[in-house]
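Chemist: This is the structure, below, for whatever I ask next.
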Amino acid sequence: MKPFAYVRAASLAEAADAYASHPGARYLGGGTNLVDLMKLGVEQPTALIDVTRLPLDEVTELPDGTLRIGALVRNSDLAAHRLVRERHPVLSQAVLAGASGQLRNAATTGGNLLQRTRCPYFQDVSKPCNKREPGSGCGALDGVHRDHAVLGYSERCVATHPSDLAVALAALDAQVELYGLAGVRRVHAAEFHRLPGDHPERDTVVEPGELVTGVLLPAATAGLPSAYRKARDRASYAFALASVAAVLEVADGVVARAGIAFGALAHRPWRAWRAEEALVGAAPTAAAFEHAVDLELSAARPLRDNAYKVPLARNLALDVLTGLVRHREDG
């Protein structure tokens, strides 16, 4: 057992101050990932700053129609919320595709975004891992990497991000709200997580001491046809081999807006900017969808044992996109 201090914060300012006064501290919300990593010896915080008493556990509607999801909203409550299901069904579907009911009852919105990779080399302290110990090497690169990245990886890290929720947020043009000693700032969900580059130990753009306080779902994507699909080794309680979230608006016979994000293909949810650009202004046909998705996935660089992810992601994306058009026509 590694000793650590424990502080229960009563306000955002108190949480930030406590973090600053304990080098090596970690914020504690649901703890479903952090506590596991502490048990494995991957995380060894000097202090846990408990933020579960902060008033961040509600979904509220802002005057402009934006939905603000507090960082402490439990995953199960988020998936079941009426406004989320009605306006952003892709988000509810993505949350329900993750973990088990018991874990969703404990896991928080902020914690879901901040969870670490499930790469076995990261979780095993006896193995080399540049994410856990910079400079030690990447065991997965030439080792077991069936579940690893095909897009955006570097020679230092080929891990993927495990969140389902984050993939939907990227497709929805959501923003993540952060609070720190310097004040409040917002980051686009698609840019919240980093690609590994030379610093795979940095998962996100969160600065030291900053706390995720909420997520903003824009009114612009509310009510648009959207869906999430996930492929995995078993029917439930398993991380994605590939997944896709899509939001599609069709007007006057052409695609007016498209938001597409892939999960389990990269170090972060992969926003399919090239595919979206190819689709906007085009008729929503099978041929147009195939062209756009193939254009996006042409950048894939499969490793020795995970080339299957490319056609799997392609088929998922085409199924979701054509399904959204059928739903619109039937509706």
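Chain lettering (A, B, ...) mirrors the order of the structure tokens, residue numbering begins at 1 for each chain separately, and ligand numbering begins at 1 in order of display.
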At a cut-off of 6 Å, using only C-alpha atoms, what residues contact range 109-116 of chain A? Leave out same-chain residues fewer than 3 positions from it and give the result as a ChimeraX atom specification.

Modeler: /A:71-73,212

Chemist: Take the residues from that selection and put them in a file with all heavy atoms, as a PDB file, in the first residue's frame.

Modeler:
```
ATOM      1  N   ALA A  71     -19.667  17.517 -14.911  1.00  0.00           N
ATOM      2  CA  ALA A  71     -18.630  16.488 -14.963  1.00  0.00           C
ATOM      3  C   ALA A  71     -18.918  15.312 -14.050  1.00  0.00           C
ATOM      4  O   ALA A  71     -18.400  14.211 -14.263  1.00  0.00           O
ATOM      5  CB  ALA A  71     -17.280  17.100 -14.600  1.00  0.00           C
ATOM      6  N   LEU A  72     -19.749  15.506 -13.018  1.00  0.00           N
ATOM      7  CA  LEU A  72     -20.048  14.431 -12.078  1.00  0.00           C
ATOM      8  C   LEU A  72     -21.365  13.721 -12.370  1.00  0.00           C
ATOM      9  O   LEU A  72     -21.818  12.897 -11.576  1.00  0.00           O
ATOM     10  CB  LEU A  72     -20.053  14.982 -10.650  1.00  0.00           C
ATOM     11  CG  LEU A  72     -18.694  15.478 -10.138  1.00  0.00           C
ATOM     12  CD1 LEU A  72     -18.829  16.080  -8.749  1.00  0.00           C
ATOM     13  CD2 LEU A  72     -17.665  14.344 -10.123  1.00  0.00           C
ATOM     14  N   VAL A  73     -21.986  14.034 -13.498  1.00  0.00           N
ATOM     15  CA  VAL A  73     -23.176  13.284 -13.905  1.00  0.00           C
ATOM     16  C   VAL A  73     -22.764  11.842 -14.169  1.00  0.00           C
ATOM     17  O   VAL A  73     -21.832  11.579 -14.934  1.00  0.00           O
ATOM     18  CB  VAL A  73     -23.816  13.903 -15.164  1.00  0.00           C
ATOM     19  CG1 VAL A  73     -24.928  13.003 -15.699  1.00  0.00           C
ATOM     20  CG2 VAL A  73     -24.359  15.284 -14.852  1.00  0.00           C
ATOM     21  N   VAL A 212     -11.927  19.003 -15.139  1.00  0.00           N
ATOM     22  CA  VAL A 212     -13.064  18.989 -16.055  1.00  0.00           C
ATOM     23  C   VAL A 212     -14.316  19.278 -15.244  1.00  0.00           C
ATOM     24  O   VAL A 212     -14.625  18.561 -14.285  1.00  0.00           O
ATOM     25  CB  VAL A 212     -13.199  17.633 -16.772  1.00  0.00           C
ATOM     26  CG1 VAL A 212     -14.457  17.612 -17.635  1.00  0.00           C
ATOM     27  CG2 VAL A 212     -11.982  17.352 -17.636  1.00  0.00           C
TER      28      VAL A 212
END
```

Chemist: Find the nearest atom pair between each residue of range 81-152 of chain A and range 230-254 of chain A for residues within 7 Å, count only C-alpha atoms, give distances in Å to one decimal, sort rows by chain and ascending number, and present the table as CSV.

Modeler:
```
residue,atom,partner,partner_atom,distance
A:Val90,CA,A:Ala245,CA,6.7
A:Gly98,CA,A:Tyr237,CA,6.5
A:Ala99,CA,A:Tyr237,CA,4.6
A:Ser100,CA,A:Tyr237,CA,5.5
A:Asp147,CA,A:Leu241,CA,6.1
```

Chemist: As a VMD selection string, please: the residues near Pro284 in chain A (cut-off 10 Å, only C-alpha atoms, same-chain neighbours under 2 positions excluded).

Modeler: chain A and resid 248 to 250 253 to 256 279 to 282 286 to 289 321 to 322 324 to 325

Chemist: Got time to write the residues from that selection, N, CA, C and O atoms, as an mmCIF file, in the first residue's frame?

Modeler:
```cif
data_model
loop_
_atom_site.group_PDB
_atom_site.id
_atom_site.type_symbol
_atom_site.label_atom_id
_atom_site.label_comp_id
_atom_site.auth_asym_id
_atom_site.auth_seq_id
_atom_site.Cartn_x
_atom_site.Cartn_y
_atom_site.Cartn_z
ATOM 1 N N LEU A 248 -25.859 13.453 -39.051
ATOM 2 C CA LEU A 248 -26.041 13.768 -40.469
ATOM 3 C C LEU A 248 -27.272 14.646 -40.669
ATOM 4 O O LEU A 248 -28.363 14.317 -40.217
ATOM 5 N N GLU A 249 -27.077 15.757 -41.366
ATOM 6 C CA GLU A 249 -28.192 16.629 -41.736
ATOM 7 C C GLU A 249 -28.281 16.683 -43.254
ATOM 8 O O GLU A 249 -27.302 17.024 -43.927
ATOM 9 N N VAL A 250 -29.450 16.346 -43.779
ATOM 10 C CA VAL A 250 -29.695 16.394 -45.215
ATOM 11 C C VAL A 250 -30.767 17.443 -45.492
ATOM 12 O O VAL A 250 -31.824 17.451 -44.856
ATOM 13 N N GLY A 253 -31.911 17.648 -50.654
ATOM 14 C CA GLY A 253 -31.334 16.542 -51.398
ATOM 15 C C GLY A 253 -29.840 16.372 -51.294
ATOM 16 O O GLY A 253 -29.272 15.494 -51.951
ATOM 17 N N VAL A 254 -29.176 17.196 -50.459
ATOM 18 C CA VAL A 254 -27.719 17.052 -50.289
ATOM 19 C C VAL A 254 -27.376 17.080 -48.803
ATOM 20 O O VAL A 254 -28.173 17.514 -47.966
ATOM 21 N N VAL A 255 -26.187 16.623 -48.492
ATOM 22 C CA VAL A 255 -25.706 16.640 -47.110
ATOM 23 C C VAL A 255 -25.338 18.075 -46.738
ATOM 24 O O VAL A 255 -24.462 18.683 -47.352
ATOM 25 N N ALA A 256 -26.035 18.620 -45.748
ATOM 26 C CA ALA A 256 -25.768 19.978 -45.295
ATOM 27 C C ALA A 256 -24.781 20.008 -44.138
ATOM 28 O O ALA A 256 -24.061 20.996 -43.950
ATOM 29 N N LEU A 279 -18.405 14.845 -48.071
ATOM 30 C CA LEU A 279 -19.844 14.602 -48.068
ATOM 31 C C LEU A 279 -20.680 15.873 -48.172
ATOM 32 O O LEU A 279 -21.739 15.868 -48.811
ATOM 33 N N VAL A 280 -20.234 16.956 -47.543
ATOM 34 C CA VAL A 280 -21.049 18.173 -47.526
ATOM 35 C C VAL A 280 -21.243 18.686 -48.945
ATOM 36 O O VAL A 280 -20.292 18.904 -49.694
ATOM 37 N N GLY A 281 -22.505 18.841 -49.322
ATOM 38 C CA GLY A 281 -22.846 19.288 -50.666
ATOM 39 C C GLY A 281 -23.113 18.159 -51.636
ATOM 40 O O GLY A 281 -23.555 18.399 -52.767
ATOM 41 N N ALA A 282 -22.843 16.913 -51.207
ATOM 42 C CA ALA A 282 -23.073 15.760 -52.081
ATOM 43 C C ALA A 282 -24.409 15.118 -51.742
ATOM 44 O O ALA A 282 -24.922 15.228 -50.633
ATOM 45 N N ALA A 286 -25.107 5.811 -51.458
ATOM 46 C CA ALA A 286 -24.151 4.802 -51.025
ATOM 47 C C ALA A 286 -22.773 5.071 -51.622
ATOM 48 O O ALA A 286 -21.742 4.921 -50.953
ATOM 49 N N ALA A 287 -22.750 5.483 -52.882
ATOM 50 C CA ALA A 287 -21.470 5.760 -53.539
ATOM 51 C C ALA A 287 -20.751 6.927 -52.881
ATOM 52 O O ALA A 287 -19.518 6.898 -52.704
ATOM 53 N N ALA A 288 -21.492 7.965 -52.514
ATOM 54 C CA ALA A 288 -20.881 9.123 -51.855
ATOM 55 C C ALA A 288 -20.331 8.734 -50.498
ATOM 56 O O ALA A 288 -19.237 9.170 -50.098
ATOM 57 N N PHE A 289 -21.072 7.919 -49.761
ATOM 58 C CA PHE A 289 -20.598 7.473 -48.445
ATOM 59 C C PHE A 289 -19.339 6.620 -48.588
ATOM 60 O O PHE A 289 -18.376 6.779 -47.823
ATOM 61 N N LEU A 321 -24.198 5.465 -41.621
ATOM 62 C CA LEU A 321 -24.590 6.567 -42.504
ATOM 63 C C LEU A 321 -25.813 6.219 -43.349
ATOM 64 O O LEU A 321 -26.746 7.021 -43.466
ATOM 65 N N THR A 322 -25.812 5.039 -43.940
ATOM 66 C CA THR A 322 -26.978 4.650 -44.754
ATOM 67 C C THR A 322 -28.205 4.467 -43.869
ATOM 68 O O THR A 322 -29.321 4.765 -44.290
ATOM 69 N N LEU A 324 -28.909 6.234 -41.186
ATOM 70 C CA LEU A 324 -29.432 7.545 -40.868
ATOM 71 C C LEU A 324 -30.277 8.096 -42.014
ATOM 72 O O LEU A 324 -31.309 8.749 -41.796
ATOM 73 N N VAL A 325 -29.859 7.840 -43.251
ATOM 74 C CA VAL A 325 -30.642 8.303 -44.406
ATOM 75 C C VAL A 325 -31.960 7.549 -44.485
ATOM 76 O O VAL A 325 -33.021 8.129 -44.724
#
```

Chemist: Compile the contact shell of Lys127 in chain A as a list in words: residues with an atom at most 9 Å away, counting only C-alpha atoms, same-chain residues fewer than 4 positions apart removed.

Modeler: Pro120, Tyr121, Phe122, Gln123, Ser136, Cys138 and Gly139 of chain A

Chemist: Mind dumping the selected residues with N, CA and C atoms as a PDB file, in the first residue's frame?

Modeler:
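Produced file result.pdb, reproduced below:
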```
ATOM      1  N   PRO A 120      -2.385  -3.517 -22.517  1.00  0.00           N
ATOM      2  CA  PRO A 120      -1.817  -4.367 -21.459  1.00  0.00           C
ATOM      3  C   PRO A 120      -0.383  -4.010 -21.098  1.00  0.00           C
ATOM      4  N   TYR A 121       0.353  -3.398 -22.016  1.00  0.00           N
ATOM      5  CA  TYR A 121       1.723  -2.994 -21.698  1.00  0.00           C
ATOM      6  C   TYR A 121       1.722  -1.773 -20.778  1.00  0.00           C
ATOM      7  N   PHE A 122       0.721  -0.938 -20.906  1.00  0.00           N
ATOM      8  CA  PHE A 122       0.571   0.210 -20.006  1.00  0.00           C
ATOM      9  C   PHE A 122       0.170  -0.249 -18.611  1.00  0.00           C
ATOM     10  N   GLN A 123      -0.680  -1.256 -18.533  1.00  0.00           N
ATOM     11  CA  GLN A 123      -1.203  -1.698 -17.249  1.00  0.00           C
ATOM     12  C   GLN A 123      -0.268  -2.644 -16.499  1.00  0.00           C
ATOM     13  N   SER A 136      11.039   4.267 -22.077  1.00  0.00           N
ATOM     14  CA  SER A 136      11.230   2.833 -21.837  1.00  0.00           C
ATOM     15  C   SER A 136      10.923   1.982 -23.062  1.00  0.00           C
ATOM     16  N   CYS A 138       8.005   1.001 -26.486  1.00  0.00           N
ATOM     17  CA  CYS A 138       6.610   0.601 -26.684  1.00  0.00           C
ATOM     18  C   CYS A 138       6.570  -0.905 -26.921  1.00  0.00           C
ATOM     19  N   GLY A 139       6.127  -1.648 -25.921  1.00  0.00           N
ATOM     20  CA  GLY A 139       6.091  -3.098 -26.036  1.00  0.00           C
ATOM     21  C   GLY A 139       5.116  -3.585 -27.090  1.00  0.00           C
TER      22      GLY A 139
END
```

Chemist: Please list as a list in words every residue within 6 Å of range 150-158 of chain A, counting only C-alpha atoms and excluding residues in the same chain fewer than 5 positions away.

Modeler: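 Selected residues are Cys138, Gly197, Leu265, Ala266, Ala300, Arg301 and Pro302 of chain A.
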
Chemist: Output as a list in words all residues of range 108-205 of chain A that backbone DSSP marks as strand (DSSP E).

Modeler: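 Reading the DSSP output for range 108-205 of chain A, strand (DSSP E) covers Gln175, Val176, Glu177, Leu178, Tyr179, Gly180, Gly183, Val184, Arg185, Arg186, Val187 and His188 of chain A.
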
Chemist: Using DSSP on the backbone, list every residue of range 96-189 of chain A that comes out as alpha helix (DSSP H), and give them as an MDAnalysis selection string.

Modeler: chainID A and resid 96 101:106 109:114 120:123 165:171 189

Chemist: Hey, can you spit out that residue selection with N, CA, C and O atoms as a short mmCIF file (atom, residue, chain, number, x, y, z; two decimals), in the first residue's frame?

Modeler:
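Output (again_9.cif):
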```cif
data_model
loop_
_atom_site.label_atom_id
_atom_site.label_comp_id
_atom_site.auth_asym_id
_atom_site.auth_seq_id
_atom_site.Cartn_x
_atom_site.Cartn_y
_atom_site.Cartn_z
N LEU A 96 -24.36 3.76 -23.29
CA LEU A 96 -24.91 2.43 -22.98
C LEU A 96 -24.08 1.31 -23.57
O LEU A 96 -24.17 0.16 -23.12
N GLY A 101 -23.68 -2.13 -16.29
CA GLY A 101 -24.60 -1.26 -15.58
C GLY A 101 -24.05 -0.79 -14.25
O GLY A 101 -24.22 0.37 -13.87
N GLN A 102 -23.37 -1.68 -13.53
CA GLN A 102 -22.81 -1.30 -12.24
C GLN A 102 -21.76 -0.21 -12.38
O GLN A 102 -21.72 0.75 -11.61
N LEU A 103 -20.90 -0.35 -13.39
CA LEU A 103 -19.86 0.66 -13.59
C LEU A 103 -20.45 1.97 -14.06
O LEU A 103 -20.00 3.05 -13.66
N ARG A 104 -21.47 1.91 -14.92
CA ARG A 104 -22.10 3.15 -15.39
C ARG A 104 -22.77 3.90 -14.24
O ARG A 104 -22.89 5.12 -14.28
N ASN A 105 -23.20 3.17 -13.22
CA ASN A 105 -23.80 3.82 -12.06
C ASN A 105 -22.77 4.58 -11.24
O ASN A 105 -23.13 5.49 -10.47
N ALA A 106 -21.51 4.22 -11.37
CA ALA A 106 -20.45 4.87 -10.59
C ALA A 106 -19.63 5.85 -11.41
O ALA A 106 -19.20 6.89 -10.91
N THR A 109 -19.05 11.57 -16.06
CA THR A 109 -18.79 12.11 -17.40
C THR A 109 -17.34 12.56 -17.53
O THR A 109 -16.64 12.21 -18.50
N GLY A 110 -16.86 13.33 -16.55
CA GLY A 110 -15.48 13.80 -16.60
C GLY A 110 -14.48 12.66 -16.52
O GLY A 110 -13.48 12.63 -17.25
N GLY A 111 -14.75 11.71 -15.64
CA GLY A 111 -13.85 10.58 -15.49
C GLY A 111 -13.79 9.71 -16.73
O GLY A 111 -12.74 9.17 -17.08
N ASN A 112 -14.92 9.58 -17.41
CA ASN A 112 -14.95 8.80 -18.64
C ASN A 112 -14.00 9.39 -19.66
O ASN A 112 -13.25 8.68 -20.35
N LEU A 113 -14.00 10.71 -19.79
CA LEU A 113 -13.11 11.38 -20.75
C LEU A 113 -11.64 11.22 -20.36
O LEU A 113 -10.76 11.19 -21.23
N LEU A 114 -11.38 11.13 -19.06
CA LEU A 114 -9.99 11.12 -18.58
C LEU A 114 -9.44 9.71 -18.34
O LEU A 114 -8.31 9.57 -17.88
N PRO A 120 -2.38 -3.52 -22.52
CA PRO A 120 -1.82 -4.37 -21.46
C PRO A 120 -0.38 -4.01 -21.10
O PRO A 120 0.05 -4.27 -19.96
N TYR A 121 0.35 -3.40 -22.02
CA TYR A 121 1.72 -2.99 -21.70
C TYR A 121 1.72 -1.77 -20.78
O TYR A 121 2.62 -1.60 -19.95
N PHE A 122 0.72 -0.94 -20.91
CA PHE A 122 0.57 0.21 -20.01
C PHE A 122 0.17 -0.25 -18.61
O PHE A 122 0.65 0.27 -17.59
N GLN A 123 -0.68 -1.26 -18.53
CA GLN A 123 -1.20 -1.70 -17.25
C GLN A 123 -0.27 -2.64 -16.50
O GLN A 123 -0.48 -2.90 -15.32
N LEU A 165 -18.13 7.30 -24.99
CA LEU A 165 -18.73 8.62 -24.84
C LEU A 165 -17.95 9.68 -25.62
O LEU A 165 -18.53 10.54 -26.28
N ALA A 166 -16.61 9.64 -25.54
CA ALA A 166 -15.78 10.65 -26.18
C ALA A 166 -15.94 10.65 -27.69
O ALA A 166 -15.82 11.70 -28.34
N VAL A 167 -16.20 9.49 -28.27
CA VAL A 167 -16.37 9.39 -29.72
C VAL A 167 -17.64 10.14 -30.14
O VAL A 167 -17.65 10.90 -31.11
N ALA A 168 -18.72 9.93 -29.39
CA ALA A 168 -19.97 10.63 -29.69
C ALA A 168 -19.81 12.13 -29.50
O ALA A 168 -20.31 12.92 -30.31
N LEU A 169 -19.12 12.56 -28.46
CA LEU A 169 -18.92 13.99 -28.21
C LEU A 169 -18.15 14.64 -29.35
O LEU A 169 -18.45 15.77 -29.76
N ALA A 170 -17.17 13.92 -29.90
CA ALA A 170 -16.39 14.47 -31.01
C ALA A 170 -17.29 14.68 -32.23
O ALA A 170 -17.20 15.72 -32.91
N ALA A 171 -18.16 13.73 -32.52
CA ALA A 171 -19.04 13.86 -33.68
C ALA A 171 -20.08 14.95 -33.50
O ALA A 171 -20.54 15.55 -34.48
N ALA A 189 -14.29 19.04 -28.14
CA ALA A 189 -14.15 17.64 -27.75
C ALA A 189 -13.23 16.87 -28.69
O ALA A 189 -12.47 15.99 -28.26
#
```

Chemist: Would you write out, as a Markdown table, a table of all residues in range 36-104 of chain A that have an atom no more than 6 Å from an atom of range 7-31 of chain A, listing for each the closest atom pair and the distance in Å to one decimal, considering only C-alpha atoms and ordering rows by chain and rising residue number?

Modeler:
```
| residue | atom | partner | partner_atom | distance |
| --- | --- | --- | --- | --- |
| A:Pro45 | CA | A:Ala25 | CA | 5.2 |
| A:Thr46 | CA | A:Ala25 | CA | 5.2 |
| A:Ala47 | CA | A:Ala25 | CA | 4.5 |
| A:Leu48 | CA | A:Arg26 | CA | 5.1 |
| A:Ile49 | CA | A:Tyr27 | CA | 4.7 |
| A:Asp50 | CA | A:Arg8 | CA | 4.6 |
| A:Val51 | CA | A:Ala9 | CA | 5.6 |
| A:Thr52 | CA | A:Gly29 | CA | 5.5 |
```

Chemist: I need the chosen residues saved as an mmCIF file, in the first residue's frame, with C-alpha atoms.

Modeler:
```cif
data_model
loop_
_atom_site.group_PDB
_atom_site.id
_atom_site.type_symbol
_atom_site.label_atom_id
_atom_site.label_comp_id
_atom_site.auth_asym_id
_atom_site.auth_seq_id
_atom_site.Cartn_x
_atom_site.Cartn_y
_atom_site.Cartn_z
ATOM 1 C CA PRO A 45 -0.702 9.677 -6.450
ATOM 2 C CA THR A 46 0.632 11.609 -3.499
ATOM 3 C CA ALA A 47 -2.883 12.852 -2.760
ATOM 4 C CA LEU A 48 -6.449 12.248 -3.885
ATOM 5 C CA ILE A 49 -8.569 15.365 -4.213
ATOM 6 C CA ASP A 50 -12.151 14.156 -3.810
ATOM 7 C CA VAL A 51 -14.449 16.307 -5.962
ATOM 8 C CA THR A 52 -17.619 14.250 -5.587
#
```

Chemist: If you count only C-alpha atoms, which residues fall within 12 Å of Gln44 in chain A, apart from same-chain ones fewer than 4 positions away, as a PyMOL selection string?

Modeler: chain A and resi 1-5+23-26+34-40+48+125+132

Chemist: Which one is closest to Pro128 in chain A: A:Pro269, A:Gly143, A:Gly209, A:Pro218? Count only C-alpha atoms.

Modeler: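 Result for the nearest residue to Pro128 in chain A: A:Gly143.
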
Chemist: So which one's closest to Arg268 in chain A, A:Asp142, A:Asp77, A:Asp164, A:Glu43? Using only C-alpha atoms, please.

Modeler: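 Closest to Arg268 in chain A of all the choices is A:Asp164.
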
Chemist: One number please: CA of Gly70 in chain A to CA of Lys131 in chain A, in Å, one decimal.

Modeler: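 One can read the CA of Gly70 in chain A to CA of Lys131 in chain A distance as 28.5 Å.
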
Chemist: What does the distance from CA of His193 in chain A to CA of Glu61 in chain A come to in Å, to one decimal?

Modeler: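 Value for the CA of His193 in chain A-CA of Glu61 in chain A distance: 25.6 Å.
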
Chemist: May I ask which of the residues A:His88, A:Arg194, A:Leu216, A:Glu207 is the closest one to Arg68 in chain A, counting only C-alpha atoms?

Modeler: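 Closest to Arg68 in chain A of all the choices is A:Leu216.
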
Chemist: For Gly135 in chain A, which residue out of A:Ala159, A:Leu78, A:Glu201, A:Leu172 is the nearest one, using only C-alpha atoms?

Modeler: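 Of all the options, A:Glu201 lies closest to Gly135 in chain A.
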
Chemist: Can you work out which one of A:Ala79, A:Ala283, A:Ala278, A:Val293 has the shortest atom-to-atom distance to Phe262 in chain A, counting only C-alpha atoms?

Modeler: A:Val293
